[in-house]
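Let me begin by presenting the structure, written as structure tokens, before commenting on it.
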Amino acid sequence: MAALHQIEDVFQIVVQYGVLLLECVGVSVLLVTAVKSIIGCIKRTPHIRLYLAQGISLALEFKLGGEVLRTVIVRELSELLVLGLVILLRGALTLIIHWEIKVEEARIGEAAQEAGEREEAASIK
């Protein structure tokens with residue numbers, strides 16, 4: 001029985017470090033993306049909104065992974081409910097950001113197509 005408790009303790013520590021690692025990676029991705037996006041805004045880099053949305057989405061994916069992993073070591077129903085709500089909120093944010101990415105990609109595609117049509121019309125004249 002003592003060996004089982006030791007294994008459980010080791011498992012809990014491994015999961016906690018895994019959660020910490022995923023959370024840190026998510027925060028790091030978000031910070032790097034934010035800094036690059038601010039620099040891109042100042043330089044007026046095209047498609048910076050798309051880059052920012054993709055970075056936020058990736059950061060949320062890591063954070064969501066940490067929350068899912070955290071559910072493994074939850075012991076009380078109240079903790080599980082709070083984690084469930086956090087996972088739902090982060091999942092909803094991820095869906096919204098993915099929708100924003102698709103809209104931005106479509107807008108960029110339309111702008112490129114219009115530019116191509118203008119070039120074609122100018123070359124015909």
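By convention in this document, the chains of the structure tokens carry letters A, B, ... by their order, each chain's residues are numbered from 1, and ligands are numbered from 1 in the order they are shown.
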
Problem - Residues near segment 1-17 of chain A, cut-off 10 Å, only C-alpha atoms, skip fewer than 6 positions along chain, as a PyMOL selection string - result: chain A and resi 23+66+69-74

File of the preceding selection, C-alpha atoms, as a compact mmCIF listing (two decimals), in the first residue's frame:
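The resulting out.txt:
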# COMPACT_ATOMS: atom_id res chain seq x y z
CA GLU A 23 1.53 26.99 -18.92
CA GLY A 66 -2.31 22.45 -19.18
CA LEU A 69 -3.74 17.78 -17.75
CA ARG A 70 -4.66 19.43 -14.46
CA THR A 71 -7.99 17.54 -14.45
CA VAL A 72 -6.02 14.34 -13.88
CA ILE A 73 -5.08 15.33 -10.33
CA VAL A 74 -8.33 17.01 -9.26

Exercise for the section: One decimal, Å: what's the distance from atom CA of Leu58 of chain A over to atom CA of Ile97 of chain A, could you say? Expected result: 10.0 Å

Using only C-alpha atoms, find each residue of segment 63-111 of chain A with at least one atom at most 8 Å away from an atom of segment 30-51 of chain A; report its shortest atom-to-atom pair and that distance in Å (one decimal), sort the rows by chain and rising residue number, and return the result as JSON lines.
{"residue": "A:Ile101", "atom": "CA", "partner": "A:Leu50", "partner_atom": "CA", "distance": 6.0}
{"residue": "A:Glu104", "atom": "CA", "partner": "A:Leu50", "partner_atom": "CA", "distance": 6.2}
{"residue": "A:Glu105", "atom": "CA", "partner": "A:Leu50", "partner_atom": "CA", "distance": 7.3}
{"residue": "A:Ile108", "atom": "CA", "partner": "A:His47", "partner_atom": "CA", "distance": 7.7}

Handout entry: Within 12 Å of Gly26 of chain A using only C-alpha atoms, minus same-chain residues under 2 positions, as a list in words
Key =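 In the requested form, the answer reads Val19, Leu20, Leu21, Leu22, Glu23, Cys24, Ser28, Val29, Leu30, Leu31, Val32, Thr33, Gly55, Ile56, Ser57, Leu58, Ala59, Leu60, Glu61, Phe62, Lys63, Leu64, Gly65, Gly66 and Glu67 of chain A.
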
Generate a file of the selected residues that holds C-alpha atoms, formatted as a PDB file, in the first residue's frame.
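As written to disk, selection_5.pdb reads:
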ATOM      1  CA  VAL A  19       1.028  21.577 -16.238  1.00  0.00           C
ATOM      2  CA  LEU A  20       3.673  24.131 -15.285  1.00  0.00           C
ATOM      3  CA  LEU A  21       5.645  23.414 -18.459  1.00  0.00           C
ATOM      4  CA  LEU A  22       2.581  23.795 -20.693  1.00  0.00           C
ATOM      5  CA  GLU A  23       1.530  26.993 -18.924  1.00  0.00           C
ATOM      6  CA  CYS A  24       5.040  28.460 -19.267  1.00  0.00           C
ATOM      7  CA  SER A  28       6.157  32.459 -23.621  1.00  0.00           C
ATOM      8  CA  VAL A  29       4.443  32.055 -26.985  1.00  0.00           C
ATOM      9  CA  LEU A  30       1.992  34.820 -26.096  1.00  0.00           C
ATOM     10  CA  LEU A  31       4.729  37.217 -24.970  1.00  0.00           C
ATOM     11  CA  VAL A  32       6.892  36.610 -28.045  1.00  0.00           C
ATOM     12  CA  THR A  33       3.884  37.022 -30.319  1.00  0.00           C
ATOM     13  CA  GLY A  55       0.092  33.350 -31.929  1.00  0.00           C
ATOM     14  CA  ILE A  56      -2.746  33.866 -29.470  1.00  0.00           C
ATOM     15  CA  SER A  57      -4.396  30.707 -30.734  1.00  0.00           C
ATOM     16  CA  LEU A  58      -1.218  28.675 -30.268  1.00  0.00           C
ATOM     17  CA  ALA A  59      -0.710  30.081 -26.760  1.00  0.00           C
ATOM     18  CA  LEU A  60      -4.300  29.202 -25.851  1.00  0.00           C
ATOM     19  CA  GLU A  61      -3.786  25.658 -27.115  1.00  0.00           C
ATOM     20  CA  PHE A  62      -0.855  25.198 -24.724  1.00  0.00           C
ATOM     21  CA  LYS A  63      -2.794  26.738 -21.845  1.00  0.00           C
ATOM     22  CA  LEU A  64      -5.782  24.526 -22.633  1.00  0.00           C
ATOM     23  CA  GLY A  65      -3.495  21.483 -22.639  1.00  0.00           C
ATOM     24  CA  GLY A  66      -2.308  22.454 -19.178  1.00  0.00           C
ATOM     25  CA  GLU A  67      -5.882  22.718 -17.919  1.00  0.00           C
TER      26      GLU A  67
END

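Interatomic distance, atom CA of Val103 of chain A against atom CA of Ala53 of chain A: 10.9 Å.
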
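The residue that comes closest to Gly91 of chain A, out of A:Arg75, A:Val68, A:Val25, A:Arg107 and on the basis of only C-alpha atoms, is A:Val68.
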
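Of note, atom CA of Thr94 of chain A and atom CA of Gln54 of chain A are spaced 10.0 Å apart.
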